>>> print(open('final_22.txt').read())   # compact mmCIF, C-alpha atoms
# COMPACT_ATOMS: atom_id res chain seq x y z
CA MET A 1 56.51 145.21 125.32
CA SER A 2 57.74 141.93 126.67
CA ILE A 3 58.67 140.34 123.34
CA ALA A 4 62.39 140.23 122.58
CA ILE A 5 63.67 142.80 120.13
CA THR A 6 64.79 140.23 117.56
CA THR A 7 61.30 138.72 117.45
CA GLN A 8 59.83 142.19 117.08
CA ILE A 9 62.10 142.99 114.15
CA ILE A 10 61.30 139.70 112.42
CA CYS A 11 57.56 140.23 112.92
CA PHE A 12 57.79 143.81 111.72
CA THR A 13 59.71 142.82 108.58
CA ILE A 14 57.26 140.08 107.67
CA LEU A 15 54.20 142.23 108.35
CA SER A 16 55.46 145.24 106.44
CA LEU A 17 56.51 143.11 103.47
CA VAL A 18 53.07 141.48 103.40
CA THR A 19 51.46 144.91 103.64
CA LEU A 20 53.45 146.49 100.84
CA ILE A 21 53.44 143.53 98.44
CA GLY A 22 49.73 143.02 99.09
CA ALA A 23 49.06 146.69 98.41
CA LEU A 24 51.01 146.49 95.16
CA GLY A 25 48.94 143.46 94.24
CA VAL A 26 45.74 145.37 95.03
CA VAL A 27 46.57 148.13 92.57
CA LEU A 28 48.37 146.06 89.91
CA LEU A 29 46.51 142.77 89.52
CA GLU A 30 44.18 142.37 86.57
CA SER A 31 41.42 140.50 88.37
CA ILE A 32 39.44 142.69 90.74
CA VAL A 33 38.42 139.69 92.88
CA TYR A 34 42.05 138.85 93.64
CA SER A 35 42.56 142.50 94.53
CA ALA A 36 39.69 142.39 97.00
CA PHE A 37 41.02 139.30 98.78
CA LEU A 38 44.55 140.73 98.86
CA LEU A 39 43.07 143.88 100.40
CA GLY A 40 41.80 141.69 103.24
CA GLY A 41 45.35 140.40 103.72
CA VAL A 42 46.68 143.96 103.79
CA PHE A 43 44.13 144.90 106.45
CA MET A 44 45.08 141.87 108.55
CA SER A 45 48.78 142.65 108.42
CA VAL A 46 48.12 146.29 109.31
CA ALA A 47 46.27 144.94 112.35
CA GLY A 48 49.42 142.95 113.13
CA LEU A 49 51.47 146.16 112.96
CA TYR A 50 49.06 147.71 115.48
CA LEU A 51 49.64 144.73 117.78
CA LEU A 52 53.39 145.36 117.51
CA LEU A 53 52.67 148.93 118.63
CA ASN A 54 50.92 147.55 121.72
CA ALA A 55 47.44 148.60 120.67
CA SER A 56 45.30 145.51 120.98
CA PHE A 57 41.97 147.34 121.01
CA VAL A 58 42.63 149.20 117.76
CA ALA A 59 43.93 146.00 116.17
CA ALA A 60 40.70 144.23 117.09
CA ALA A 61 38.66 147.15 115.76
CA GLN A 62 40.69 147.07 112.54
CA VAL A 63 40.00 143.37 112.03
CA LEU A 64 36.31 143.73 112.88
CA VAL A 65 35.56 146.85 110.86
CA TYR A 66 37.93 146.57 107.90
CA VAL A 67 38.11 142.84 107.31
CA GLY A 68 34.67 142.04 108.64
CA ALA A 69 32.68 144.91 107.20
CA VAL A 70 34.48 147.01 104.58
CA ASN A 71 36.13 144.13 102.77
CA VAL A 72 32.95 142.05 102.72
CA LEU A 73 31.07 145.09 101.41
CA ILE A 74 33.64 145.53 98.63
CA ILE A 75 33.38 141.86 97.68
CA PHE A 76 29.58 142.16 97.55
CA ALA A 77 29.86 145.23 95.33
CA ILE A 78 32.22 143.34 93.03
CA MET A 79 29.71 140.51 92.79
CA LEU A 80 26.98 143.00 91.85
CA VAL A 81 28.94 144.94 89.22
CA ASN A 82 31.40 142.34 87.97
CA LYS A 83 30.61 142.33 84.30
CA LYS A 84 33.24 141.39 81.77
CA GLU A 85 33.70 144.44 79.61
CA ASP A 86 36.48 145.37 77.27
CA LEU A 87 37.49 148.88 78.19
CA LYS A 88 37.86 151.50 75.56
CA PRO A 89 41.53 152.22 74.94
CA ILE A 90 42.77 155.65 75.92
CA ASN A 91 45.13 157.20 73.41
CA ASP A 92 47.57 158.90 75.77
CA ILE A 93 47.67 156.17 78.41
CA LYS A 94 51.44 155.92 78.29
CA SER A 95 52.13 159.55 79.10
CA ARG A 96 49.51 159.40 81.86
CA ARG A 97 51.22 156.38 83.40
CA ILE A 98 54.60 158.06 83.23
CA ILE A 99 53.37 161.30 84.77
CA SER A 100 51.43 159.62 87.59
CA THR A 101 54.26 157.21 88.41
CA SER A 102 56.78 160.03 88.55
CA ILE A 103 54.47 162.07 90.78
CA CYS A 104 54.07 159.11 93.15
CA LEU A 105 57.81 158.39 93.24
CA THR A 106 58.57 162.05 93.91
CA LEU A 107 56.08 162.13 96.75
CA LEU A 108 57.51 158.90 98.14
CA SER A 109 61.07 160.18 98.10
CA LEU A 110 59.95 163.42 99.73
CA LEU A 111 58.09 161.58 102.49
CA ILE A 112 60.97 159.18 103.12
CA ARG A 113 63.40 162.08 103.27
CA VAL A 114 61.22 163.78 105.88
CA ASP A 115 60.92 160.52 107.82
CA LEU A 116 64.66 159.97 107.93
CA THR A 117 66.05 163.45 108.37
CA ASN A 118 63.65 164.92 110.89
CA VAL A 119 64.69 164.60 114.51
CA TRP A 120 61.70 163.19 116.35
CA SER A 121 61.45 164.08 120.01
CA LEU A 122 60.64 160.64 121.27
CA SER A 123 59.61 160.08 124.82
CA SER A 124 61.89 157.61 126.56
CA PRO A 125 60.41 154.57 127.93
CA GLN A 126 58.08 154.04 125.02
CA ASN A 127 55.15 151.68 125.14
CA SER A 128 54.98 152.01 128.89
CA ILE A 129 51.20 152.10 128.97
CA GLY A 130 50.73 148.60 127.55
CA GLU A 131 47.40 146.99 128.18
CA GLU A 132 46.06 150.03 129.97
CA SER A 133 45.43 151.55 126.56
CA THR A 134 41.91 150.15 126.21
CA ILE A 135 40.89 151.76 129.49
CA ARG A 136 42.54 155.00 128.40
CA ILE A 137 40.70 154.99 125.06
CA GLY A 138 37.41 154.58 126.90
CA GLU A 139 38.25 157.49 129.19
CA HIS A 140 39.12 159.65 126.20
CA LEU A 141 35.94 158.74 124.35
CA PHE A 142 33.73 159.69 127.27
CA SER A 143 35.52 162.79 128.48
CA ASP A 144 37.48 165.02 126.12
CA TYR A 145 36.45 163.33 122.87
CA LEU A 146 32.78 163.08 123.78
CA LEU A 147 31.56 165.48 121.08
CA PRO A 148 33.45 163.78 118.21
CA PHE A 149 32.19 160.44 119.52
CA GLU A 150 28.57 161.56 119.34
CA VAL A 151 29.10 163.25 115.97
CA ALA A 152 30.58 159.98 114.69
CA SER A 153 27.41 158.15 115.69
CA VAL A 154 25.30 160.71 113.82
CA LEU A 155 27.65 160.35 110.83
CA LEU A 156 27.20 156.58 110.83
CA LEU A 157 23.43 156.99 110.90
CA MET A 158 23.59 159.47 108.02
CA ALA A 159 25.83 157.15 106.03
CA MET A 160 23.46 154.24 106.61
CA ILE A 161 20.37 156.14 105.50
CA GLY A 162 22.26 157.71 102.60
CA ALA A 163 23.51 154.35 101.38
CA ILE A 164 20.00 152.91 101.51
CA VAL A 165 18.55 155.89 99.60
CA LEU A 166 21.29 155.84 96.97
CA ALA A 167 21.25 152.11 96.36
CA ARG A 168 17.48 151.73 96.37
CA ARG A 169 16.06 150.89 93.00
CA ASP A 170 12.79 152.79 92.72
CA VAL A 171 12.59 156.45 93.52
CA MET A 172 9.41 158.18 94.55
CA SER A 173 6.68 158.11 91.94
CA LYS A 174 5.45 161.60 92.78
CA ASP A 175 7.44 164.76 93.18
CA ILE A 176 7.16 165.93 96.78
CA SER A 177 6.89 169.65 96.04
CA THR A 178 4.68 169.68 92.95
CA GLY A 179 2.73 166.42 93.22
CA LEU A 180 3.34 165.63 89.56
CA PRO A 181 4.57 162.18 88.56
CA VAL A 182 8.32 162.01 88.27
CA ASP A 183 9.91 161.14 84.95
CA GLN A 184 11.74 157.98 85.92
CA GLU A 185 13.88 158.13 82.79
CA LEU A 186 15.63 161.16 84.18
CA ILE A 187 16.70 159.30 87.26
CA GLU A 188 17.33 155.93 85.80
CA LYS A 189 17.72 154.72 82.27
CA SER A 190 15.34 151.94 81.39
CA SER A 191 17.72 149.03 81.53
CA GLU A 192 17.13 145.46 82.49
CA PRO A 193 16.96 144.84 86.24
CA LEU A 194 20.17 143.98 87.97
CA LEU A 195 19.28 140.73 89.64
CA THR A 196 17.26 138.90 87.02
CA ASN A 197 18.33 135.67 85.47
CA LYS A 198 19.57 136.40 81.97
CA ASN A 199 19.82 132.98 80.36
CA MET B 1 75.09 145.68 114.02
CA MET B 2 74.12 148.14 116.67
CA SER B 3 71.73 146.92 119.28
CA LEU B 4 68.29 148.44 119.30
CA GLU B 5 65.93 148.79 122.19
CA SER B 6 62.90 148.82 119.95
CA ILE B 7 61.91 149.19 116.33
CA PRO B 8 62.73 152.75 115.25
CA ILE B 9 59.77 154.95 114.49
CA GLN B 10 61.24 155.67 111.06
CA ALA B 11 60.51 152.09 110.00
CA PHE B 12 56.80 152.53 110.65
CA LEU B 13 56.80 155.93 108.96
CA ILE B 14 58.51 154.56 105.84
CA VAL B 15 56.01 151.69 105.60
CA SER B 16 53.12 154.10 105.89
CA SER B 17 54.65 156.48 103.31
CA ALA B 18 55.07 153.64 100.84
CA LEU B 19 51.53 152.42 101.45
CA PHE B 20 50.18 155.94 100.92
CA CYS B 21 52.04 156.34 97.63
CA ILE B 22 50.82 152.95 96.40
CA GLY B 23 47.31 154.11 97.24
CA ILE B 24 47.74 157.33 95.29
CA TRP B 25 49.13 155.43 92.30
CA GLY B 26 46.15 153.10 92.32
CA LEU B 27 43.76 156.03 92.68
CA LEU B 28 45.24 157.76 89.64
CA ASN B 29 45.69 154.75 87.42
CA SER B 30 42.83 152.32 87.87
CA ARG B 31 39.95 152.16 85.44
CA ASN B 32 37.68 150.10 87.69
CA ALA B 33 35.71 152.18 90.18
CA VAL B 34 35.82 149.48 92.85
CA ARG B 35 39.61 149.51 92.68
CA VAL B 36 39.56 153.27 93.23
CA LEU B 37 37.62 152.71 96.45
CA MET B 38 40.14 150.07 97.49
CA SER B 39 42.98 152.53 96.89
CA ILE B 40 41.25 155.07 99.12
CA GLU B 41 41.06 152.42 101.84
CA LEU B 42 44.80 151.77 101.42
CA MET B 43 45.54 155.48 101.86
CA LEU B 44 43.38 155.65 104.99
CA ASN B 45 45.25 152.66 106.39
CA ALA B 46 48.56 154.40 105.75
CA VAL B 47 47.33 157.42 107.70
CA ASN B 48 46.23 155.11 110.50
CA ILE B 49 49.67 153.47 110.73
CA ASN B 50 51.21 156.93 110.97
CA LEU B 51 48.85 157.99 113.75
CA MET B 52 49.42 154.77 115.68
CA ALA B 53 53.21 155.04 115.41
CA PHE B 54 53.22 158.60 116.73
CA SER B 55 50.75 157.65 119.44
CA SER B 56 53.04 154.89 120.62
CA TYR B 57 56.41 156.62 120.33
CA VAL B 58 55.74 160.28 121.06
CA ASP B 59 52.62 160.46 123.17
CA ASN B 60 52.59 157.17 124.98
CA ASN B 61 50.65 158.00 128.09
CA LEU B 62 47.88 160.04 126.53
CA ILE B 63 47.13 157.76 123.63
CA GLN B 64 45.27 160.31 121.57
CA GLY B 65 46.54 158.85 118.30
CA GLN B 66 44.68 155.64 118.98
CA VAL B 67 41.47 157.56 119.59
CA PHE B 68 42.00 159.37 116.29
CA THR B 69 42.55 156.02 114.59
CA ILE B 70 39.22 154.78 115.94
CA PHE B 71 37.53 157.84 114.46
CA VAL B 72 39.28 157.37 111.12
CA ILE B 73 38.13 153.74 111.02
CA THR B 74 34.56 154.91 111.71
CA VAL B 75 34.65 157.50 108.94
CA ALA B 76 36.25 155.00 106.56
CA ALA B 77 33.42 152.54 107.16
CA ALA B 78 30.84 155.24 106.44
CA GLU B 79 32.78 156.31 103.35
CA ALA B 80 32.93 152.76 102.01
CA ALA B 81 29.18 152.29 102.46
CA VAL B 82 28.24 155.53 100.73
CA GLY B 83 30.87 155.10 98.02
CA LEU B 84 29.69 151.64 97.09
CA ALA B 85 26.06 152.80 97.09
CA ILE B 86 26.99 155.61 94.68
CA LEU B 87 28.86 153.05 92.59
CA LEU B 88 25.81 150.78 92.43
CA SER B 89 23.50 153.56 91.32
CA LEU B 90 26.08 154.70 88.74
CA TYR B 91 26.29 151.15 87.45
CA ARG B 92 22.53 151.08 87.06
CA ASN B 93 22.63 154.24 84.97
CA ARG B 94 25.71 153.59 82.87
CA VAL B 95 26.02 149.76 82.96
CA THR B 96 29.78 150.08 83.35
CA VAL B 97 32.31 150.65 86.12
CA ASP B 98 34.89 152.27 83.85
CA MET B 99 36.11 155.50 85.42
CA GLU B 100 36.60 157.07 81.98
CA SER B 101 32.90 156.85 81.17
CA PHE B 102 31.72 158.68 84.26
CA ASN B 103 31.36 162.19 82.91
CA LEU B 104 28.00 163.19 84.37
CA LEU B 105 29.40 166.32 85.96
CA LYS B 106 31.10 167.52 82.77
CA TRP B 107 29.43 169.64 80.21
>>> encode(input="final_22.txt", output="structure tokens")
Amino acid sequence: MSIAITTQIICFTILSLVTLIGALGVVLLESIVYSAFLLGGVFMSVAGLYLLLNASFVAAAQVLVYVGAVNVLIIFAIMLVNKKEDLKPINDIKSRRIISTSICLTLLSLLIRVDLTNVWSLSSPQNSIGEESTIRIGEHLFSDYLLPFEVASVLLLMAMIGAIVLARRDVMSKDISTGLPVDQELIEKSSEPLLTNKN
Amino acid sequence: MMSLESIPIQAFLIVSSALFCIGIWGLLNSRNAVRVLMSIELMLNAVNINLMAFSSYVDNNLIQGQVFTIFVITVAAAEAAVGLAILLSLYRNRVTVDMESFNLLKW
């Protein structure tokens, strides 16, 4: 990479701090809407980390798919289900918190220990491929990763149809195999529709 | 201070480890189902940072890690769509997004 090493270190520090503090905000903040917007910030700074690793294509894909699609989808879901509700208190919440936090800290220390003590066999001039990487990704996708590429397209189609079927409101009125009318109460409790105006 | 030629790979690995652990903490501790999905996205991003770092530092001419990252992004998009659809239909049945009240598979 042609950027000076000091600039790289400054950029890396800022991006990783934004990533980690944003991620902490995502899991710790009370308001779910703030969490969703912070998640967008985390995705953007992860894209910046990819740029530091000389991967412009993946950074662009990250911004397009995560910020442009996944985050917008999450915000839409929050708008659909954002009802103020006072959660039932759990009696042993404190011990749960303690156990889960200690598990996470143990895992973190284990991972950091592996990161620092293992001797990585790094190839010497790193990042030599540079802007060729987009071409190389295309070659990979259409030669040795052709089958996963096609399977991914089928997976996306399945996810699309599955999401439509799951989120659709009315299910079939007749059972396909028996022809009898389906008891809608089994599938869906008779509640007020989601998008009506409740003044 | 010793002079570096580039950012050490350990820095990227530590950032991704921390991000992964934050994701696990959020997955275990949040009551809101949307926040659980967000934590899963955080964990997937941590995995992606790991793959990209190894792709750049270890395997820099055959960038297979970047191809894997593209696939992970694809699967994550599909997962988010299906997960939020499941969440919407759960919300229609239970009129809540509290993780503690989702006990349909218990008996």
>>> residues_around(input="final_22.txt", residues="Asp86 of chain A", least_positions_apart="2", cutoff="12 Å", atoms="all atoms listed in the file", output="PyMOL selection string")
(chain A and resi 83-84+88-89) or (chain B and resi 31-32+96-98)
>>> atom_distance(input="final_22.txt", atom1="atom CA of Ile135 of chain A", atom2="atom CA of Ala46 of chain B")
25.1 Å
>>> closest_atom_pairs(input="final_22.txt", of="chain B", to="chain A", cutoff="7 Å", atoms="all atoms listed in the file", output="Markdown table")
| residue | atom | partner | partner_atom | distance |
| --- | --- | --- | --- | --- |
| B:Glu5 | CA | A:Ile5 | CA | 6.7 |
| B:Ser6 | CA | A:Ile5 | CA | 6.1 |
| B:Ile7 | CA | A:Ile9 | CA | 6.6 |
| B:Gln10 | CA | A:Asp115 | CA | 5.8 |
| B:Leu13 | CA | A:Asp115 | CA | 6.3 |
| B:Ile14 | CA | A:Ile112 | CA | 5.9 |
| B:Val15 | CA | A:Ser16 | CA | 6.5 |
| B:Ser17 | CA | A:Leu111 | CA | 6.2 |
| B:Ala18 | CA | A:Leu108 | CA | 6.4 |
| B:Leu19 | CA | A:Leu20 | CA | 6.3 |
| B:Cys21 | CA | A:Cys104 | CA | 5.6 |
| B:Ile22 | CA | A:Leu24 | CA | 6.6 |
| B:Ile24 | CA | A:Cys104 | CA | 6.9 |
| B:Trp25 | CA | A:Cys104 | CA | 6.2 |
| B:Gly26 | CA | A:Val27 | CA | 5.0 |
| B:Leu28 | CA | A:Ser100 | CA | 6.8 |
| B:Ala53 | CA | A:Leu53 | CA | 6.9 |
| B:Ser56 | CA | A:Asn127 | CA | 5.9 |
| B:Tyr57 | CA | A:Gln126 | CA | 5.6 |
| B:Val58 | CA | A:Leu122 | CA | 4.9 |
| B:Asn60 | CA | A:Asn127 | CA | 6.1 |
| B:Asn61 | CA | A:Ile129 | CA | 6.0 |
| B:Gln66 | CA | A:Val58 | CA | 6.9 |
| B:Val67 | CA | A:Ile137 | CA | 6.1 |
| B:Ile70 | CA | A:Val58 | CA | 6.8 |
| B:Ala77 | CA | A:Val70 | CA | 6.2 |
| B:Ala78 | CA | A:Ala159 | CA | 5.4 |
| B:Ala80 | CA | A:Val70 | CA | 6.5 |
| B:Ala81 | CA | A:Ala163 | CA | 6.1 |
| B:Val82 | CA | A:Ala163 | CA | 4.9 |
| B:Leu84 | CA | A:Ala77 | CA | 6.6 |
| B:Ala85 | CA | A:Ala167 | CA | 4.9 |
| B:Ile86 | CA | A:Leu166 | CA | 6.1 |
| B:Leu88 | CA | A:Ala167 | CA | 6.2 |
| B:Ser89 | CA | A:Ala167 | CA | 5.7 |
| B:Tyr91 | CA | A:Val81 | CA | 7.0 |
| B:Asn93 | CA | A:Lys189 | CA | 5.6 |
>>> write_last_selection(input="final_22.txt", atoms="C-alpha atoms", output="PDB file, in the coordinates of the input")
ATOM      1  CA  GLU B   5      65.930 148.790 122.190  1.00  0.00           C
ATOM      2  CA  SER B   6      62.900 148.820 119.950  1.00  0.00           C
ATOM      3  CA  ILE B   7      61.910 149.190 116.330  1.00  0.00           C
ATOM      4  CA  GLN B  10      61.240 155.670 111.060  1.00  0.00           C
ATOM      5  CA  LEU B  13      56.800 155.930 108.960  1.00  0.00           C
ATOM      6  CA  ILE B  14      58.510 154.560 105.840  1.00  0.00           C
ATOM      7  CA  VAL B  15      56.010 151.690 105.600  1.00  0.00           C
ATOM      8  CA  SER B  17      54.650 156.480 103.310  1.00  0.00           C
ATOM      9  CA  ALA B  18      55.070 153.640 100.840  1.00  0.00           C
ATOM     10  CA  LEU B  19      51.530 152.420 101.450  1.00  0.00           C
ATOM     11  CA  CYS B  21      52.040 156.340  97.630  1.00  0.00           C
ATOM     12  CA  ILE B  22      50.820 152.950  96.400  1.00  0.00           C
ATOM     13  CA  ILE B  24      47.740 157.330  95.290  1.00  0.00           C
ATOM     14  CA  TRP B  25      49.130 155.430  92.300  1.00  0.00           C
ATOM     15  CA  GLY B  26      46.150 153.100  92.320  1.00  0.00           C
ATOM     16  CA  LEU B  28      45.240 157.760  89.640  1.00  0.00           C
ATOM     17  CA  ALA B  53      53.210 155.040 115.410  1.00  0.00           C
ATOM     18  CA  SER B  56      53.040 154.890 120.620  1.00  0.00           C
ATOM     19  CA  TYR B  57      56.410 156.620 120.330  1.00  0.00           C
ATOM     20  CA  VAL B  58      55.740 160.280 121.060  1.00  0.00           C
ATOM     21  CA  ASN B  60      52.590 157.170 124.980  1.00  0.00           C
ATOM     22  CA  ASN B  61      50.650 158.000 128.090  1.00  0.00           C
ATOM     23  CA  GLN B  66      44.680 155.640 118.980  1.00  0.00           C
ATOM     24  CA  VAL B  67      41.470 157.560 119.590  1.00  0.00           C
ATOM     25  CA  ILE B  70      39.220 154.780 115.940  1.00  0.00           C
ATOM     26  CA  ALA B  77      33.420 152.540 107.160  1.00  0.00           C
ATOM     27  CA  ALA B  78      30.840 155.240 106.440  1.00  0.00           C
ATOM     28  CA  ALA B  80      32.930 152.760 102.010  1.00  0.00           C
ATOM     29  CA  ALA B  81      29.180 152.290 102.460  1.00  0.00           C
ATOM     30  CA  VAL B  82      28.240 155.530 100.730  1.00  0.00           C
ATOM     31  CA  LEU B  84      29.690 151.640  97.090  1.00  0.00           C
ATOM     32  CA  ALA B  85      26.060 152.800  97.090  1.00  0.00           C
ATOM     33  CA  ILE B  86      26.990 155.610  94.680  1.00  0.00           C
ATOM     34  CA  LEU B  88      25.810 150.780  92.430  1.00  0.00           C
ATOM     35  CA  SER B  89      23.500 153.560  91.320  1.00  0.00           C
ATOM     36  CA  TYR B  91      26.290 151.150  87.450  1.00  0.00           C
ATOM     37  CA  ASN B  93      22.630 154.240  84.970  1.00  0.00           C
TER      38      ASN B  93
END
>>> atom_distance(input="final_22.txt", atom1="atom CA of Leu51 of chain A", atom2="atom CA of Ala11 of chain B")
15.3 Å
